[in-house]
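Colleague: mmCIF, C-alpha atoms, saved as input.cif, coming up:
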data_input
loop_
_atom_site.label_atom_id
_atom_site.label_comp_id
_atom_site.auth_asym_id
_atom_site.auth_seq_id
_atom_site.Cartn_x
_atom_site.Cartn_y
_atom_site.Cartn_z
CA MET A 30 4.96 46.44 -53.94
CA ALA A 31 3.87 43.24 -55.47
CA SER A 32 3.24 42.64 -59.10
CA LYS A 33 0.59 40.20 -60.21
CA VAL A 34 3.31 38.16 -61.91
CA ARG A 35 5.41 37.86 -58.76
CA LEU A 36 2.47 36.75 -56.63
CA TYR A 37 1.27 34.38 -59.35
CA GLU A 38 4.72 32.78 -59.43
CA LEU A 39 4.45 32.09 -55.71
CA LYS A 40 0.99 30.59 -56.26
CA GLN A 41 2.44 28.36 -58.99
CA LYS A 42 5.01 27.11 -56.45
CA GLY A 43 2.13 25.85 -54.31
CA TYR A 44 1.79 28.62 -51.73
CA CYS A 45 -1.66 29.68 -50.59
CA CYS A 46 -2.80 33.28 -50.15
CA SER A 47 -1.65 33.78 -46.56
CA GLN A 48 1.72 32.19 -47.32
CA ILE A 49 2.18 34.38 -50.40
CA ILE A 50 1.53 37.53 -48.36
CA MET A 51 4.12 36.50 -45.77
CA LYS A 52 6.76 35.26 -48.22
CA ALA A 53 6.54 38.37 -50.40
CA GLY A 54 6.52 40.56 -47.28
CA LEU A 55 9.66 38.94 -45.90
CA GLU A 56 11.37 39.47 -49.26
CA ASP A 57 10.33 43.13 -49.55
CA ALA A 58 11.33 43.81 -45.94
CA GLY A 59 14.78 42.35 -46.58
CA LYS A 60 14.21 39.65 -43.98
CA GLU A 61 15.69 36.18 -44.21
CA ASP A 62 13.54 33.53 -45.79
CA ASN A 63 11.76 31.75 -42.97
CA PRO A 64 10.37 28.43 -44.25
CA ASP A 65 8.96 27.48 -40.85
CA LEU A 66 7.01 30.73 -40.57
CA VAL A 67 5.77 30.43 -44.15
CA GLN A 68 4.71 26.84 -43.44
CA ALA A 69 2.88 27.93 -40.27
CA MET A 70 0.97 30.48 -42.36
CA SER A 71 -0.66 27.57 -44.17
CA GLY A 72 -2.94 27.26 -41.14
CA LEU A 73 -4.66 30.43 -42.37
CA CYS A 74 -5.21 29.12 -45.91
CA ASP A 75 -8.75 28.98 -47.21
CA GLY A 76 -10.11 30.88 -44.23
CA LEU A 77 -8.55 28.73 -41.51
CA ARG A 78 -9.29 25.74 -43.77
CA THR A 79 -12.97 26.26 -42.98
CA GLY A 80 -13.96 29.21 -45.17
CA MET A 81 -13.77 31.71 -42.33
CA VAL A 82 -11.97 35.09 -42.58
CA CYS A 83 -10.12 35.53 -45.86
CA GLY A 84 -6.55 34.20 -45.70
CA VAL A 85 -5.30 37.24 -47.58
CA LEU A 86 -6.51 39.50 -44.75
CA SER A 87 -5.34 37.25 -41.92
CA GLY A 88 -1.96 36.75 -43.64
CA ALA A 89 -1.53 40.50 -44.06
CA ALA A 90 -2.42 41.01 -40.38
CA CYS A 91 0.33 38.54 -39.44
CA LEU A 92 2.82 40.39 -41.64
CA LEU A 93 1.96 43.68 -39.95
CA ALA A 94 2.35 42.07 -36.52
CA LEU A 95 5.74 40.67 -37.53
CA LEU A 96 7.15 43.88 -39.01
CA GLU A 97 5.55 46.45 -36.67
CA PRO A 98 4.75 44.58 -33.44
CA GLU A 99 4.18 47.65 -31.27
CA ASP A 100 1.88 49.44 -33.70
CA SER A 101 0.26 46.36 -35.18
CA PRO A 102 -3.09 46.63 -33.33
CA VAL A 103 -3.78 50.00 -34.95
CA LEU A 104 -2.28 49.03 -38.31
CA ILE A 105 -4.31 45.82 -38.46
CA GLU A 106 -7.44 47.79 -37.62
CA ASP A 107 -6.65 50.22 -40.46
CA LEU A 108 -6.07 47.34 -42.87
CA THR A 109 -9.26 45.58 -41.81
CA GLU A 110 -11.33 48.74 -42.23
CA TRP A 111 -9.89 49.21 -45.71
CA PHE A 112 -10.49 45.54 -46.58
CA ARG A 113 -14.08 45.68 -45.41
CA GLY A 114 -14.65 48.86 -47.38
CA GLU A 115 -13.23 47.31 -50.54
CA TYR A 116 -14.68 43.81 -50.40
CA GLU A 117 -17.46 43.33 -47.85
CA GLU A 118 -20.35 44.83 -49.78
CA LYS A 119 -19.21 43.38 -53.14
CA ASN A 120 -19.02 39.87 -51.67
CA GLY A 121 -21.58 39.88 -48.89
CA GLY A 122 -18.81 39.56 -46.29
CA ILE A 123 -15.09 39.06 -45.88
CA THR A 124 -14.92 35.35 -45.28
CA CYS A 125 -13.43 32.98 -47.79
CA LYS A 126 -16.90 31.47 -48.23
CA ASP A 127 -18.40 34.90 -48.96
CA ILE A 128 -15.72 35.76 -51.50
CA LEU A 129 -15.84 32.41 -53.28
CA ALA A 130 -19.67 32.36 -53.18
CA GLY A 131 -19.73 28.62 -53.81
CA ASP A 132 -17.84 29.00 -57.10
CA GLN A 133 -14.26 27.69 -57.10
CA LEU A 134 -13.64 29.69 -60.30
CA ASN A 135 -13.59 32.76 -58.05
CA ARG A 136 -10.19 31.57 -56.81
CA THR A 137 -8.85 32.58 -60.22
CA ILE A 138 -11.20 35.51 -60.83
CA LYS A 139 -11.52 37.37 -57.52
CA CYS A 140 -8.69 36.14 -55.32
CA PRO A 141 -5.66 37.29 -57.36
CA LYS A 142 -6.96 40.86 -57.46
CA ILE A 143 -7.74 40.82 -53.73
CA LEU A 144 -4.29 39.39 -53.03
CA VAL A 145 -2.41 42.05 -55.00
CA GLU A 146 -4.49 44.97 -53.75
CA THR A 147 -4.30 43.85 -50.11
CA TYR A 148 -0.57 43.20 -50.27
CA ASN A 149 0.03 46.63 -51.77
CA MET A 150 -2.19 48.28 -49.15
CA THR A 151 -0.26 46.47 -46.42
CA MET A 152 2.99 47.88 -47.81
CA GLU A 153 1.45 51.35 -48.02
CA ILE A 154 0.34 51.13 -44.39
CA LEU A 155 3.84 50.09 -43.35
CA GLU A 156 5.44 52.93 -45.33
CA ALA A 157 2.99 55.47 -43.92
CA ASN A 158 3.87 54.24 -40.43
CA GLY A 159 7.57 54.87 -41.08
CA TYR A 160 8.67 51.28 -41.65
CA GLU A 161 12.12 51.41 -43.22
CA PHE A 162 12.41 49.08 -46.17
CA PRO A 163 15.83 48.15 -47.56
CA GLU A 164 17.21 50.16 -50.48
CA SER A 165 16.43 47.25 -52.79
CA TYR A 166 12.68 47.67 -52.14
CA VAL A 167 10.86 49.26 -55.06
CA PRO A 168 7.31 50.45 -54.31
CA GLY A 169 4.69 49.66 -56.94
#
As structure tokens, what does this structure read like?

Modeller:
Amino acid sequence: MASKVRLYELKQKGYCCSQIIMKAGLEDAGKEDNPDLVQAMSGLCDGLRTGMVCGVLSGAACLLALLEPEDSPVLIEDLTEWFRGEYEEKNGGITCKDILAGDQLNRTIKCPKILVETYNMTMEILEANGYEFPESYVPG
């Protein structure tokens, strides 16, 4: 599971939300660092760079598809339902635009919490589905 400090450190290194989800997920899954994949995830940053669906959610969906390709349609649906339940009503939707609500300060107020909670839920979904993490993985 991700700590706020660990994810913040990745943010300080210049990674966006979708990249942070993937990079932390690769680390926790014991996978090799994959700079090309992490770079490709930047296409999901800031809601596809247009304020569309939150990059945290789309990044987590990509992580699920990478680690559990056969079960990913159901797992992504579960994650999306959880995400909508947690954030849709509070923010008027689940797009980056909805979450930021025209206030860039929300990137430091709302987004870190959403990032940590969504990452941890993604790990919980993987564990519940029987994904085998390496012995070095320590759940939150």

Colleague: Please write as number ranges by chain the full residue list that the PyMOL selection byres ((chain A and resi 95-109) around 10) yields on this file.

Modeller: A: 51, 54-55, 58, 60, 86-87, 89-94, 110-115, 123, 147, 150-151, 153-155, 158-161

Colleague: One decimal, Å: what's the distance from atom CA of A:Cys83 over to atom CA of A:Arg136, could you say?

Modeller: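 For atom CA of A:Cys83 relative to atom CA of A:Arg136, the distance reads 11.6 Å.
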
Colleague: Write out as a PDB file with C-alpha atoms, keeping the file's coordinate frame each polymer residue whose atoms come within 8 Å of A:Leu144, counting all atoms listed in the file; drop sequence neighbours fewer than 3 positions from it.

Modeller:
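Writing done, so here's around17.pdb:
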ATOM      1  CA  CYS A  46      -2.800  33.280 -50.150  1.00  0.00           C
ATOM      2  CA  ILE A  50       1.530  37.530 -48.360  1.00  0.00           C
ATOM      3  CA  VAL A  85      -5.300  37.240 -47.580  1.00  0.00           C
ATOM      4  CA  CYS A 140      -8.690  36.140 -55.320  1.00  0.00           C
ATOM      5  CA  PRO A 141      -5.660  37.290 -57.360  1.00  0.00           C
ATOM      6  CA  THR A 147      -4.300  43.850 -50.110  1.00  0.00           C
ATOM      7  CA  TYR A 148      -0.570  43.200 -50.270  1.00  0.00           C
TER       8      TYR A 148
END

Colleague: Would you mind telling me which residue in A:Gly131, A:Lys142, A:Arg35, A:Lys126 lies nearest to A:Asp57 when using all atoms listed in the file?

Modeller: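 Once distances to A:Asp57 are computed over all atoms listed in the file, the minimum belongs to A:Arg35.
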
Colleague: To verify the selection step, state as a PyMOL selection string which residues the PyMOL selection byres ((chain A and resi 63-80) around 6) yields on this input.

Modeller: chain A and resi 45+47-48+62+81-84+125-126

Colleague: Given only C-alpha atoms as the basis, pick out the residue of A:Ile138, A:Ile49, A:Ala130, A:Val34 nearest to A:Gly88.

Modeller: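 The shortest atom-to-atom distance to A:Gly88 comes from A:Ile49.
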
Colleague: Output requested as a tab-separated table (two decimals), in the coordinates of the input - stretch 148-169 of chain A, filled out with N, CA, C and O atoms.

Modeller:
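Everything below was put into out_21.tsv:
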chain	number	residue	atom	x	y	z
A	148	TYR	N	-2.02	43.16	-50.53
A	148	TYR	CA	-0.57	43.20	-50.27
A	148	TYR	C	-0.06	44.63	-50.44
A	148	TYR	O	0.68	45.14	-49.59
A	149	ASN	N	-0.44	45.27	-51.53
A	149	ASN	CA	0.03	46.63	-51.77
A	149	ASN	C	-0.47	47.60	-50.70
A	149	ASN	O	0.29	48.48	-50.27
A	150	MET	N	-1.69	47.43	-50.23
A	150	MET	CA	-2.19	48.28	-49.15
A	150	MET	C	-1.41	48.04	-47.86
A	150	MET	O	-1.11	48.98	-47.13
A	151	THR	N	-1.06	46.80	-47.61
A	151	THR	CA	-0.26	46.47	-46.42
A	151	THR	C	1.08	47.19	-46.48
A	151	THR	O	1.53	47.77	-45.49
A	152	MET	N	1.71	47.18	-47.65
A	152	MET	CA	2.99	47.88	-47.81
A	152	MET	C	2.82	49.38	-47.65
A	152	MET	O	3.65	50.05	-47.03
A	153	GLU	N	1.72	49.92	-48.17
A	153	GLU	CA	1.45	51.35	-48.02
A	153	GLU	C	1.26	51.72	-46.55
A	153	GLU	O	1.74	52.75	-46.10
A	154	ILE	N	0.55	50.88	-45.82
A	154	ILE	CA	0.34	51.13	-44.39
A	154	ILE	C	1.67	51.11	-43.66
A	154	ILE	O	1.94	51.97	-42.81
A	155	LEU	N	2.52	50.15	-43.99
A	155	LEU	CA	3.84	50.09	-43.35
A	155	LEU	C	4.66	51.34	-43.67
A	155	LEU	O	5.26	51.94	-42.77
A	156	GLU	N	4.68	51.74	-44.93
A	156	GLU	CA	5.44	52.93	-45.33
A	156	GLU	C	4.91	54.18	-44.62
A	156	GLU	O	5.69	54.98	-44.13
A	157	ALA	N	3.59	54.31	-44.57
A	157	ALA	CA	2.99	55.47	-43.92
A	157	ALA	C	3.29	55.51	-42.42
A	157	ALA	O	3.31	56.58	-41.81
A	158	ASN	N	3.55	54.33	-41.85
A	158	ASN	CA	3.87	54.24	-40.43
A	158	ASN	C	5.38	54.41	-40.18
A	158	ASN	O	5.82	54.33	-39.05
A	159	GLY	N	6.15	54.63	-41.24
A	159	GLY	CA	7.57	54.87	-41.08
A	159	GLY	C	8.43	53.62	-41.12
A	159	GLY	O	9.61	53.67	-40.77
A	160	TYR	N	7.85	52.49	-41.54
A	160	TYR	CA	8.67	51.28	-41.65
A	160	TYR	C	9.76	51.52	-42.69
A	160	TYR	O	9.50	52.03	-43.77
A	161	GLU	N	10.99	51.17	-42.33
A	161	GLU	CA	12.12	51.41	-43.22
A	161	GLU	C	12.43	50.14	-44.00
A	161	GLU	O	12.96	49.17	-43.45
A	162	PHE	N	12.10	50.18	-45.28
A	162	PHE	CA	12.41	49.08	-46.17
A	162	PHE	C	13.85	49.19	-46.65
A	162	PHE	O	14.41	50.30	-46.67
A	163	PRO	N	14.46	48.08	-47.04
A	163	PRO	CA	15.83	48.15	-47.56
A	163	PRO	C	15.87	48.93	-48.88
A	163	PRO	O	14.85	49.10	-49.55
A	164	GLU	N	17.06	49.38	-49.26
A	164	GLU	CA	17.21	50.16	-50.48
A	164	GLU	C	16.75	49.38	-51.71
A	164	GLU	O	16.32	49.99	-52.69
A	165	SER	N	16.81	48.07	-51.64
A	165	SER	CA	16.43	47.25	-52.79
A	165	SER	C	14.91	47.22	-53.02
A	165	SER	O	14.46	46.82	-54.08
A	166	TYR	N	14.14	47.68	-52.03
A	166	TYR	CA	12.68	47.67	-52.14
A	166	TYR	C	12.24	48.73	-53.12
A	166	TYR	O	12.65	49.88	-53.05
A	167	VAL	N	11.39	48.32	-54.06
A	167	VAL	CA	10.86	49.26	-55.06
A	167	VAL	C	9.34	49.27	-54.93
A	167	VAL	O	8.69	48.29	-55.26
A	168	PRO	N	8.77	50.38	-54.43
A	168	PRO	CA	7.31	50.45	-54.31
A	168	PRO	C	6.66	50.39	-55.69
A	168	PRO	O	7.23	50.84	-56.68
A	169	GLY	N	5.44	49.81	-55.71
A	169	GLY	CA	4.69	49.66	-56.94
A	169	GLY	C	4.37	50.97	-57.55
A	169	GLY	O	4.14	51.24	-58.63
